[in-house]
Structures are given as C-alpha cells and as structure tokens.
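Student: Pasting protein-v4.pdb below, which is PDB, C-alpha atoms.
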```pdb
ATOM      1  CA  MET A   1      62.756 -25.852  15.061
ATOM      2  CA  LYS A   2      60.044 -26.291  12.474
ATOM      3  CA  THR A   3      58.418 -29.013  14.546
ATOM      4  CA  ARG A   4      58.330 -26.722  17.598
ATOM      5  CA  ASN A   5      56.682 -23.936  15.534
ATOM      6  CA  ILE A   6      54.122 -26.364  14.148
ATOM      7  CA  ARG A   7      53.268 -27.594  17.660
ATOM      8  CA  LYS A   8      52.981 -24.031  18.879
ATOM      9  CA  SER A   9      50.613 -23.155  15.990
ATOM     10  CA  ILE A  10      48.488 -26.212  16.680
ATOM     11  CA  ALA A  11      48.276 -25.331  20.385
ATOM     12  CA  ILE A  12      47.183 -21.773  19.569
ATOM     13  CA  ALA A  13      44.568 -23.025  17.103
ATOM     14  CA  LEU A  14      43.190 -25.459  19.678
ATOM     15  CA  ALA A  15      43.014 -22.710  22.299
ATOM     16  CA  VAL A  16      41.049 -20.492  19.908
ATOM     17  CA  ILE A  17      38.634 -23.328  19.097
ATOM     18  CA  VAL A  18      38.081 -24.059  22.790
ATOM     19  CA  ALA A  19      37.421 -20.361  23.465
ATOM     20  CA  ILE A  20      34.845 -20.201  20.640
ATOM     21  CA  VAL A  21      33.089 -23.344  21.878
ATOM     22  CA  LEU A  22      32.904 -21.914  25.396
ATOM     23  CA  LEU A  23      31.442 -18.633  24.110
ATOM     24  CA  LEU A  24      28.818 -20.504  22.110
ATOM     25  CA  ALA A  25      27.976 -22.671  25.118
ATOM     26  CA  LEU A  26      27.378 -19.562  27.175
ATOM     27  CA  GLY A  27      24.906 -18.332  24.560
ATOM     28  CA  GLY A  28      27.040 -15.349  23.678
ATOM     29  CA  SER A  29      26.083 -13.599  26.910
ATOM     30  CA  SER A  30      28.640 -11.441  28.643
ATOM     31  CA  CYS A  31      30.730 -13.476  31.129
ATOM     32  CA  GLY A  32      28.048 -16.171  31.078
ATOM     33  CA  THR A  33      25.468 -13.900  32.724
ATOM     34  CA  PRO A  34      22.032 -15.497  32.236
ATOM     35  CA  GLN A  35      19.447 -13.540  30.309
ATOM     36  CA  SER A  36      16.599 -11.941  32.205
ATOM     37  CA  GLY A  37      13.441  -9.955  31.584
ATOM     38  CA  ALA A  38      12.442  -9.230  27.993
ATOM     39  CA  ALA A  39      15.577 -10.844  26.523
ATOM     40  CA  ALA A  40      14.849 -14.113  28.326
ATOM     41  CA  ASP A  41      11.203 -14.045  27.210
ATOM     42  CA  ALA A  42      12.233 -13.401  23.606
ATOM     43  CA  SER A  43      14.724 -16.274  23.696
ATOM     44  CA  LYS A  44      12.139 -18.656  25.179
ATOM     45  CA  THR A  45       9.557 -17.606  22.598
ATOM     46  CA  ILE A  46      11.984 -18.297  19.750
ATOM     47  CA  ASP A  47      12.822 -21.713  21.227
ATOM     48  CA  ALA A  48       9.119 -22.554  21.586
ATOM     49  CA  GLY A  49       8.441 -21.481  18.022
ATOM     50  CA  ASP A  50      11.344 -23.582  16.728
ATOM     51  CA  LYS A  51       9.971 -26.655  18.519
ATOM     52  CA  LEU A  52       6.514 -26.153  17.032
ATOM     53  CA  GLN A  53       7.944 -25.615  13.549
ATOM     54  CA  ASP A  54       9.958 -28.824  13.857
ATOM     55  CA  ALA A  55       6.855 -30.719  15.007
ATOM     56  CA  GLN A  56       4.554 -29.133  12.410
ATOM     57  CA  SER A  57       6.737 -28.215   9.465
ATOM     58  CA  THR A  58       5.511 -26.349   6.403
ATOM     59  CA  PRO A  59       3.987 -28.787   3.876
ATOM     60  CA  THR A  60       6.330 -29.414   0.965
ATOM     61  CA  ASP A  61       4.187 -31.938  -0.893
ATOM     62  CA  ILE A  62       1.565 -29.505  -2.240
ATOM     63  CA  SER A  63       1.812 -30.089  -5.967
ATOM     64  CA  TYR A  64      -0.625 -27.493  -7.326
ATOM     65  CA  SER A  65      -1.541 -23.909  -6.443
ATOM     66  CA  ILE A  66      -5.170 -22.911  -6.924
ATOM     67  CA  PRO A  67      -4.398 -19.171  -6.398
ATOM     68  CA  ARG A  68      -1.802 -19.300  -9.216
ATOM     69  CA  TYR A  69      -4.326 -21.044 -11.465
ATOM     70  CA  LEU A  70      -6.899 -18.324 -10.776
ATOM     71  CA  LEU A  71      -4.330 -15.543 -11.294
ATOM     72  CA  ALA A  72      -3.454 -16.988 -14.714
ATOM     73  CA  LYS A  73      -7.170 -17.302 -15.531
ATOM     74  CA  ARG A  74      -7.687 -13.664 -14.507
ATOM     75  CA  ALA A  75      -4.733 -12.523 -16.636
ATOM     76  CA  TYR A  76      -6.259 -14.114 -19.739
ATOM     77  CA  PHE A  77      -9.709 -12.758 -18.906
ATOM     78  CA  LEU A  78      -8.564  -9.150 -18.390
ATOM     79  CA  SER A  79      -6.421  -9.281 -21.531
ATOM     80  CA  GLY A  80      -9.512  -9.885 -23.623
ATOM     81  CA  GLN A  81      -8.861 -13.607 -24.037
ATOM     82  CA  ARG A  82     -11.989 -14.966 -22.398
ATOM     83  CA  ASP A  83     -11.883 -18.206 -24.394
ATOM     84  CA  LYS A  84      -8.418 -18.985 -23.021
ATOM     85  CA  ALA A  85      -9.549 -18.064 -19.516
ATOM     86  CA  ASN A  86     -12.551 -20.385 -19.697
ATOM     87  CA  ALA A  87     -10.540 -23.222 -21.283
ATOM     88  CA  LEU A  88      -7.537 -22.988 -18.947
ATOM     89  CA  PRO A  89      -6.947 -26.565 -17.807
ATOM     90  CA  SER A  90      -6.435 -27.633 -14.228
ATOM     91  CA  PRO A  91      -5.063 -31.007 -13.137
ATOM     92  CA  ILE A  92      -7.542 -30.892 -10.271
ATOM     93  CA  ALA A  93     -10.661 -32.459 -11.732
ATOM     94  CA  ASP A  94     -13.011 -30.980  -9.167
ATOM     95  CA  LEU A  95     -11.787 -27.586  -8.016
ATOM     96  CA  PRO A  96     -13.154 -26.647  -4.591
ATOM     97  CA  LEU A  97     -16.552 -24.986  -4.627
ATOM     98  CA  GLY A  98     -17.172 -22.198  -2.136
ATOM     99  CA  TYR A  99     -19.627 -19.447  -1.405
ATOM    100  CA  ALA A 100     -18.862 -15.770  -0.857
ATOM    101  CA  THR A 101     -20.985 -13.060   0.692
ATOM    102  CA  ILE A 102     -19.715  -9.603  -0.211
ATOM    103  CA  MET A 103     -20.526  -6.665   2.051
ATOM    104  CA  THR A 104     -19.707  -2.971   2.173
ATOM    105  CA  SER A 105     -17.616  -1.636   5.049
ATOM    106  CA  SER A 106     -20.872  -0.633   6.779
ATOM    107  CA  GLY A 107     -22.196  -4.196   6.574
ATOM    108  CA  ALA A 108     -24.702  -3.778   3.737
ATOM    109  CA  VAL A 109     -24.880  -6.943   1.653
ATOM    110  CA  ILE A 110     -23.863  -6.571  -1.982
ATOM    111  CA  GLY A 111     -24.580 -10.147  -2.929
ATOM    112  CA  ASN A 112     -24.020 -13.881  -2.523
ATOM    113  CA  PHE A 113     -21.919 -15.762  -5.041
ATOM    114  CA  PRO A 114     -20.918 -19.366  -5.729
ATOM    115  CA  VAL A 115     -17.126 -19.371  -6.143
ATOM    116  CA  ILE A 116     -14.934 -21.766  -8.083
ATOM    117  CA  GLY A 117     -11.613 -22.398  -6.376
ATOM    118  CA  MET A 118     -11.404 -19.600  -3.839
ATOM    119  CA  VAL A 119     -11.474 -15.841  -3.293
ATOM    120  CA  VAL A 120      -8.065 -14.318  -4.140
ATOM    121  CA  SER A 121      -6.503 -11.010  -3.092
ATOM    122  CA  LEU A 122      -5.872  -8.502  -5.881
ATOM    123  CA  ARG A 123      -2.465  -7.967  -4.265
ATOM    124  CA  THR A 124      -1.427 -11.532  -5.015
ATOM    125  CA  TYR A 125       0.849 -11.844  -8.040
ATOM    126  CA  LEU A 126       2.389 -14.573 -10.174
ATOM    127  CA  THR A 127       5.775 -12.842 -10.205
ATOM    128  CA  PRO A 128       7.662 -10.391  -7.949
ATOM    129  CA  ASP A 129       7.573  -6.701  -8.874
ATOM    130  CA  SER A 130      11.351  -6.299  -8.862
ATOM    131  CA  GLU A 131      14.567  -8.267  -8.990
ATOM    132  CA  TYR A 132      15.271  -7.300  -5.395
ATOM    133  CA  TYR A 133      11.754  -7.026  -4.039
ATOM    134  CA  GLU A 134      12.937  -6.872  -0.442
ATOM    135  CA  LYS A 135      14.827  -3.638  -1.129
ATOM    136  CA  ASN A 136      13.043  -0.312  -1.551
ATOM    137  CA  GLY A 137      16.016   1.808  -2.522
ATOM    138  CA  SER A 138      17.279   2.487  -6.018
ATOM    139  CA  SER A 139      20.617   0.823  -5.330
ATOM    140  CA  ILE A 140      21.308  -2.464  -3.614
ATOM    141  CA  ASP A 141      25.011  -2.170  -2.894
ATOM    142  CA  GLY A 142      26.089   0.857  -4.883
ATOM    143  CA  ARG A 143      26.666  -1.282  -7.963
ATOM    144  CA  HIS A 144      23.361  -2.953  -8.777
ATOM    145  CA  ALA A 145      20.263  -0.859  -9.340
ATOM    146  CA  ASN A 146      16.946  -2.439  -8.434
ATOM    147  CA  LYS A 147      15.141  -3.288 -11.678
ATOM    148  CA  TRP A 148      11.371  -2.977 -11.398
ATOM    149  CA  LEU A 149       9.546  -5.645 -13.347
ATOM    150  CA  PRO A 150       6.205  -5.288 -15.127
ATOM    151  CA  ASP A 151       3.271  -7.497 -14.324
ATOM    152  CA  ILE A 152       2.351 -10.138 -16.896
ATOM    153  CA  ASP A 153       0.066  -7.620 -18.637
ATOM    154  CA  GLY A 154       3.002  -5.234 -19.137
ATOM    155  CA  THR A 155       1.938  -2.680 -16.519
ATOM    156  CA  TYR A 156       3.700  -1.448 -13.392
ATOM    157  CA  GLY A 157       2.493  -0.405  -9.954
ATOM    158  CA  GLU A 158       0.259  -1.944  -7.325
ATOM    159  CA  ASN A 159      -3.253  -3.278  -7.485
ATOM    160  CA  ALA A 160      -5.944  -1.812  -5.294
ATOM    161  CA  ASP A 161      -6.775  -3.519  -2.025
ATOM    162  CA  GLY A 162      -9.521  -5.906  -3.052
ATOM    163  CA  ILE A 163     -10.481  -9.409  -4.101
ATOM    164  CA  PHE A 164     -11.482 -11.323  -7.208
ATOM    165  CA  PHE A 165     -13.102 -14.646  -7.995
ATOM    166  CA  PHE A 166     -14.848 -16.592 -10.745
ATOM    167  CA  GLU A 167     -18.307 -18.082 -10.579
ATOM    168  CA  LEU A 168     -19.025 -21.585 -11.843
ATOM    169  CA  ASP A 169     -20.204 -20.281 -15.220
ATOM    170  CA  GLY A 170     -16.987 -18.270 -15.702
ATOM    171  CA  THR A 171     -18.426 -14.905 -14.605
ATOM    172  CA  TYR A 172     -15.620 -12.744 -13.239
ATOM    173  CA  HIS A 173     -16.038 -10.536 -10.151
ATOM    174  CA  GLU A 174     -13.662  -7.974  -8.693
ATOM    175  CA  PHE A 175     -14.416  -5.934  -5.586
ATOM    176  CA  ILE A 176     -12.455  -3.054  -4.024
ATOM    177  CA  ASN A 177     -12.618  -2.080  -0.346
ATOM    178  CA  VAL A 178     -15.224  -4.613   0.703
ATOM    179  CA  THR A 179     -15.620  -7.236   3.378
ATOM    180  CA  ALA A 180     -15.908 -10.803   2.164
ATOM    181  CA  HIS A 181     -17.138 -13.871   3.990
ATOM    182  CA  TYR A 182     -16.114 -17.158   2.362
ATOM    183  CA  SER A 183     -17.281 -20.636   3.286
ATOM    184  CA  ASP A 184     -17.472 -24.112   1.810
ATOM    185  CA  GLN A 185     -21.164 -24.151   2.730
ATOM    186  CA  PRO A 186     -23.962 -22.141   1.085
ATOM    187  CA  MET A 187     -24.793 -18.938   2.921
ATOM    188  CA  LYS A 188     -27.802 -16.682   2.967
ATOM    189  CA  ALA A 189     -27.693 -12.918   3.428
ATOM    190  CA  ASP A 190     -30.826 -10.846   3.001
ATOM    191  CA  ASN A 191     -31.384  -7.537   1.228
ATOM    192  CA  PRO A 192     -28.607  -7.355  -1.343
ATOM    193  CA  ILE A 193     -28.023  -3.781  -2.505
ATOM    194  CA  LEU A 194     -26.504  -4.692  -5.875
ATOM    195  CA  LYS A 195     -27.707  -7.194  -8.432
ATOM    196  CA  THR A 196     -26.274  -7.977 -11.859
ATOM    197  CA  GLU A 197     -28.233  -9.650 -14.569
ATOM    198  CA  GLY A 198     -27.617 -10.335 -18.203
ATOM    199  CA  THR A 199     -26.451 -12.910 -20.691
ATOM    200  CA  GLN A 200     -22.964 -13.506 -21.945
TER     201      GLN A 200
END
```
Turn this file's structure into structure tokens for me.

Tutor:
Amino acid sequence: MKTRNIRKSIAIALAVIVAIVLLLALGGSSCGTPQSGAAADASKTIDAGDKLQDAQSTPTDISYSIPRYLLAKRAYFLSGQRDKANALPSPIADLPLGYATIMTSSGAVIGNFPVIGMVVSLRTYLTPDSEYYEKNGSSIDGRHANKWLPDIDGTYGENADGIFFFELDGTYHEFINVTAHYSDQPMKADNPILKTEGTQ
C-alpha cells in the first residue's frame, strides 16, 4: 500500500515537472501563442542586448577609480585641509591630463583649464545617501524605516547640478549650470568672460 502511494506521488511530481518545463518552453505565452507587435519587438531587443552584453561584458579588472580619488581630494579641500588634499597619494603615477573649456548656457566662454584626472559631476558621491537608496518612502516594508545618511562632511541633501575639477597646481574649480567640453588635447576658445588671477 505504501509502495503504491509512493509511486503515485512520484508520478504526480513528474507530471508537474513536465508541465512546468512545457510552460517555460512556450515562453510563458498563453497556449503557446507566439508574441507579436510591440511585445515581440521588446523580446527581440532584450535578446539582442543580452548577446551584446555577453560579447562585451562590463570590465571587472579596473583596479582604481579616478573619480573616487578626486572626490576624496575635494572632501579634504572643502573641509579646510588643503595640505591633505594636495598630498593625497594615488597609485597611478601619471594621472591623465585633460583640458576643459567651460561655457555659459548661452555659449559664452568662461575659460580654458588644464585638468588633472578628469571633470567630475557634483552629483557623484563616495557613499549612498541612504541605507535603501532605491526607496523614496519613509518605510521599506512597514518595519524598517529608511535611514538617510550624511555625506562625508556631515551634511545632508543634494549637491547642485554642476562639475568640479583640479588644475595641475592644485587649484580647485567648481561650476554650476554650465556647459563643459573636455578633451585629452589642448583646446582654444577665444574671448573668455571670466578670468581669475592671484597667488596661493
């Protein structure tokens, strides 16, 4: 009797497995009806993207982040620790050298600058702004409240939409609501509307 029940249970389990496999083979579509129109295009686009991602996967052997280095340098600089900012070591002996032309939204040239490393967005951070940064509500599941985290300078909120960079001599620049052109080659733009001069 027990053997018969065991066989019956095994047969039922196998039938369920076969049914699941058949549903998966049909792509989850109702009664095996092929997709058409927008759904078919979306499915093909996802498949094409998956193939390209497999062929050109995200690099995982990048061992050092220049933006993170510059964010740490900026944090020291804006906290009044310029000596630490200037002495911050980098394992990259020769950081990339670039050139930035900064313009107003109307196209007027503010200036041309040699840039160490790169130009970085002011909305790039070293740490997330909350424990559950993908959630905007005050409660995640009714039990855990989202805890907002301060930036490394102890402040909360968002930075303005802008950029920052350091020149070769350590001069710090921060621009809000501008257009920036960055290149690894020197650039020339005439008639700058803003010049800064002085000694450190």

Student: Report, in Å to a single decimal, how far apart atom CA of Phe113 of chain A and atom CA of Tyr69 of chain A are.

Tutor: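 One can read the atom CA of Tyr69 of chain A to atom CA of Phe113 of chain A distance as 19.5 Å.
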
Student: Please provide as a list in words all residues within 8 Å of Ser121 of chain A, with the sequence filter that same-chain residues fewer than 5 positions apart are discarded (counting only C-alpha atoms).

Tutor: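 Neighbouring residues, sequence-local ones excluded: Asp161, Gly162, Ile163 and Phe164 of chain A.
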
Student: Could you tell me which of A:His173, A:Leu70, A:Ala145, A:Tyr99 comes closest to Asn86 of chain A if we count only C-alpha atoms?

Tutor: A:Leu70

Student: Residues within 9 Å of segment 147-159 of chain A, please, as a ChimeraX atom specification. Count only C-alpha atoms; anything in the same chain fewer than 6 positions from it doesn't count.

Tutor: /A:75,78-79,122-133,138

Student: List the residues matched by the PyMOL selection byres ((chain A and resi 88) around 10) in the displayed structure as number ranges by chain, ordered by chain and then by residue number.

Tutor: A: 69-70, 72-73, 76, 82-87, 89-90

Student: Selection in question (the file shown): the PyMOL selection byres ((chain A and resi 67) around 8). Which residues does it include, as a list in words?

Tutor: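 With the PyMOL selection byres ((chain A and resi 67) around 8) on this model, the match is Ser65, Ile66, Arg68, Tyr69, Leu70, Leu71, Gly117, Met118 and Val120 of chain A.
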
Student: Put segment 73-104 of chain A into a file with N, CA and C atoms, as a PDB file, in the first residue's frame.

Tutor:
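Ended up saving to result_20.pdb:
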```pdb
ATOM      1  N   LYS A  73      39.790  63.905  -2.649  1.00  0.00           N
ATOM      2  CA  LYS A  73      40.629  65.122  -2.689  1.00  0.00           C
ATOM      3  C   LYS A  73      39.760  66.360  -2.453  1.00  0.00           C
ATOM      4  N   ARG A  74      38.595  66.394  -3.092  1.00  0.00           N
ATOM      5  CA  ARG A  74      37.665  67.512  -2.920  1.00  0.00           C
ATOM      6  C   ARG A  74      37.163  67.601  -1.473  1.00  0.00           C
ATOM      7  N   ALA A  75      36.876  66.448  -0.875  1.00  0.00           N
ATOM      8  CA  ALA A  75      36.379  66.434   0.507  1.00  0.00           C
ATOM      9  C   ALA A  75      37.407  67.053   1.454  1.00  0.00           C
ATOM     10  N   TYR A  76      38.676  66.694   1.290  1.00  0.00           N
ATOM     11  CA  TYR A  76      39.716  67.306   2.117  1.00  0.00           C
ATOM     12  C   TYR A  76      39.804  68.803   1.850  1.00  0.00           C
ATOM     13  N   PHE A  77      39.794  69.168   0.569  1.00  0.00           N
ATOM     14  CA  PHE A  77      39.949  70.573   0.192  1.00  0.00           C
ATOM     15  C   PHE A  77      38.839  71.433   0.786  1.00  0.00           C
ATOM     16  N   LEU A  78      37.578  70.994   0.647  1.00  0.00           N
ATOM     17  CA  LEU A  78      36.453  71.795   1.131  1.00  0.00           C
ATOM     18  C   LEU A  78      36.274  71.736   2.639  1.00  0.00           C
ATOM     19  N   SER A  79      37.004  70.837   3.295  1.00  0.00           N
ATOM     20  CA  SER A  79      36.970  70.778   4.761  1.00  0.00           C
ATOM     21  C   SER A  79      38.104  71.580   5.373  1.00  0.00           C
ATOM     22  N   GLY A  80      38.771  72.373   4.540  1.00  0.00           N
ATOM     23  CA  GLY A  80      39.844  73.220   5.042  1.00  0.00           C
ATOM     24  C   GLY A  80      41.157  72.499   5.227  1.00  0.00           C
ATOM     25  N   GLN A  81      41.298  71.309   4.641  1.00  0.00           N
ATOM     26  CA  GLN A  81      42.528  70.542   4.786  1.00  0.00           C
ATOM     27  C   GLN A  81      43.253  70.468   3.429  1.00  0.00           C
ATOM     28  N   ARG A  82      43.664  71.631   2.973  1.00  0.00           N
ATOM     29  CA  ARG A  82      44.285  71.726   1.652  1.00  0.00           C
ATOM     30  C   ARG A  82      45.565  70.919   1.573  1.00  0.00           C
ATOM     31  N   ASP A  83      46.339  70.877   2.653  1.00  0.00           N
ATOM     32  CA  ASP A  83      47.586  70.105   2.634  1.00  0.00           C
ATOM     33  C   ASP A  83      47.304  68.629   2.376  1.00  0.00           C
ATOM     34  N   LYS A  84      46.258  68.098   3.033  1.00  0.00           N
ATOM     35  CA  LYS A  84      45.906  66.693   2.804  1.00  0.00           C
ATOM     36  C   LYS A  84      45.406  66.486   1.378  1.00  0.00           C
ATOM     37  N   ALA A  85      44.650  67.447   0.871  1.00  0.00           N
ATOM     38  CA  ALA A  85      44.148  67.343  -0.498  1.00  0.00           C
ATOM     39  C   ALA A  85      45.300  67.289  -1.489  1.00  0.00           C
ATOM     40  N   ASN A  86      46.275  68.181  -1.309  1.00  0.00           N
ATOM     41  CA  ASN A  86      47.400  68.245  -2.240  1.00  0.00           C
ATOM     42  C   ASN A  86      48.335  67.046  -2.113  1.00  0.00           C
ATOM     43  N   ALA A  87      48.380  66.443  -0.902  1.00  0.00           N
ATOM     44  CA  ALA A  87      49.309  65.332  -0.666  1.00  0.00           C
ATOM     45  C   ALA A  87      48.641  63.966  -0.821  1.00  0.00           C
ATOM     46  N   LEU A  88      47.356  63.955  -1.177  1.00  0.00           N
ATOM     47  CA  LEU A  88      46.645  62.677  -1.286  1.00  0.00           C
ATOM     48  C   LEU A  88      47.319  61.795  -2.335  1.00  0.00           C
ATOM     49  N   PRO A  89      47.808  60.630  -1.920  1.00  0.00           N
ATOM     50  CA  PRO A  89      48.540  59.791  -2.873  1.00  0.00           C
ATOM     51  C   PRO A  89      47.614  59.073  -3.843  1.00  0.00           C
ATOM     52  N   SER A  90      48.180  58.754  -4.990  1.00  0.00           N
ATOM     53  CA  SER A  90      47.469  57.959  -5.989  1.00  0.00           C
ATOM     54  C   SER A  90      48.433  56.903  -6.514  1.00  0.00           C
ATOM     55  N   PRO A  91      47.974  55.647  -6.605  1.00  0.00           N
ATOM     56  CA  PRO A  91      48.863  54.614  -7.137  1.00  0.00           C
ATOM     57  C   PRO A  91      49.148  54.778  -8.626  1.00  0.00           C
ATOM     58  N   ILE A  92      48.382  55.651  -9.276  1.00  0.00           N
ATOM     59  CA  ILE A  92      48.643  55.935 -10.683  1.00  0.00           C
ATOM     60  C   ILE A  92      49.675  57.047 -10.754  1.00  0.00           C
ATOM     61  N   ALA A  93      50.864  56.705 -11.204  1.00  0.00           N
ATOM     62  CA  ALA A  93      51.966  57.670 -11.192  1.00  0.00           C
ATOM     63  C   ALA A  93      51.646  58.900 -12.033  1.00  0.00           C
ATOM     64  N   ASP A  94      51.122  58.683 -13.201  1.00  0.00           N
ATOM     65  CA  ASP A  94      50.794  59.794 -14.091  1.00  0.00           C
ATOM     66  C   ASP A  94      49.297  59.807 -14.337  1.00  0.00           C
ATOM     67  N   LEU A  95      48.575  60.564 -13.507  1.00  0.00           N
ATOM     68  CA  LEU A  95      47.133  60.685 -13.715  1.00  0.00           C
ATOM     69  C   LEU A  95      46.876  61.327 -15.075  1.00  0.00           C
ATOM     70  N   PRO A  96      45.789  60.949 -15.734  1.00  0.00           N
ATOM     71  CA  PRO A  96      45.509  61.542 -17.048  1.00  0.00           C
ATOM     72  C   PRO A  96      45.440  63.060 -16.983  1.00  0.00           C
ATOM     73  N   LEU A  97      45.943  63.698 -18.006  1.00  0.00           N
ATOM     74  CA  LEU A  97      45.884  65.148 -18.128  1.00  0.00           C
ATOM     75  C   LEU A  97      44.873  65.483 -19.212  1.00  0.00           C
ATOM     76  N   GLY A  98      43.935  66.367 -18.898  1.00  0.00           N
ATOM     77  CA  GLY A  98      42.940  66.775 -19.875  1.00  0.00           C
ATOM     78  C   GLY A  98      42.804  68.286 -19.908  1.00  0.00           C
ATOM     79  N   TYR A  99      41.904  68.731 -20.753  1.00  0.00           N
ATOM     80  CA  TYR A  99      41.696  70.161 -20.931  1.00  0.00           C
ATOM     81  C   TYR A  99      40.196  70.420 -20.995  1.00  0.00           C
ATOM     82  N   ALA A 100      39.740  71.396 -20.228  1.00  0.00           N
ATOM     83  CA  ALA A 100      38.314  71.706 -20.172  1.00  0.00           C
ATOM     84  C   ALA A 100      38.069  73.142 -20.612  1.00  0.00           C
ATOM     85  N   THR A 101      37.075  73.311 -21.446  1.00  0.00           N
ATOM     86  CA  THR A 101      36.571  74.635 -21.795  1.00  0.00           C
ATOM     87  C   THR A 101      35.199  74.766 -21.163  1.00  0.00           C
ATOM     88  N   ILE A 102      35.027  75.784 -20.338  1.00  0.00           N
ATOM     89  CA  ILE A 102      33.776  75.982 -19.613  1.00  0.00           C
ATOM     90  C   ILE A 102      33.017  77.141 -20.258  1.00  0.00           C
ATOM     91  N   MET A 103      31.739  76.895 -20.545  1.00  0.00           N
ATOM     92  CA  MET A 103      30.915  77.895 -21.212  1.00  0.00           C
ATOM     93  C   MET A 103      29.601  78.078 -20.460  1.00  0.00           C
ATOM     94  N   THR A 104      29.023  79.263 -20.597  1.00  0.00           N
ATOM     95  CA  THR A 104      27.689  79.504 -20.057  1.00  0.00           C
ATOM     96  C   THR A 104      26.669  78.802 -20.946  1.00  0.00           C
TER      97      THR A 104
END
```
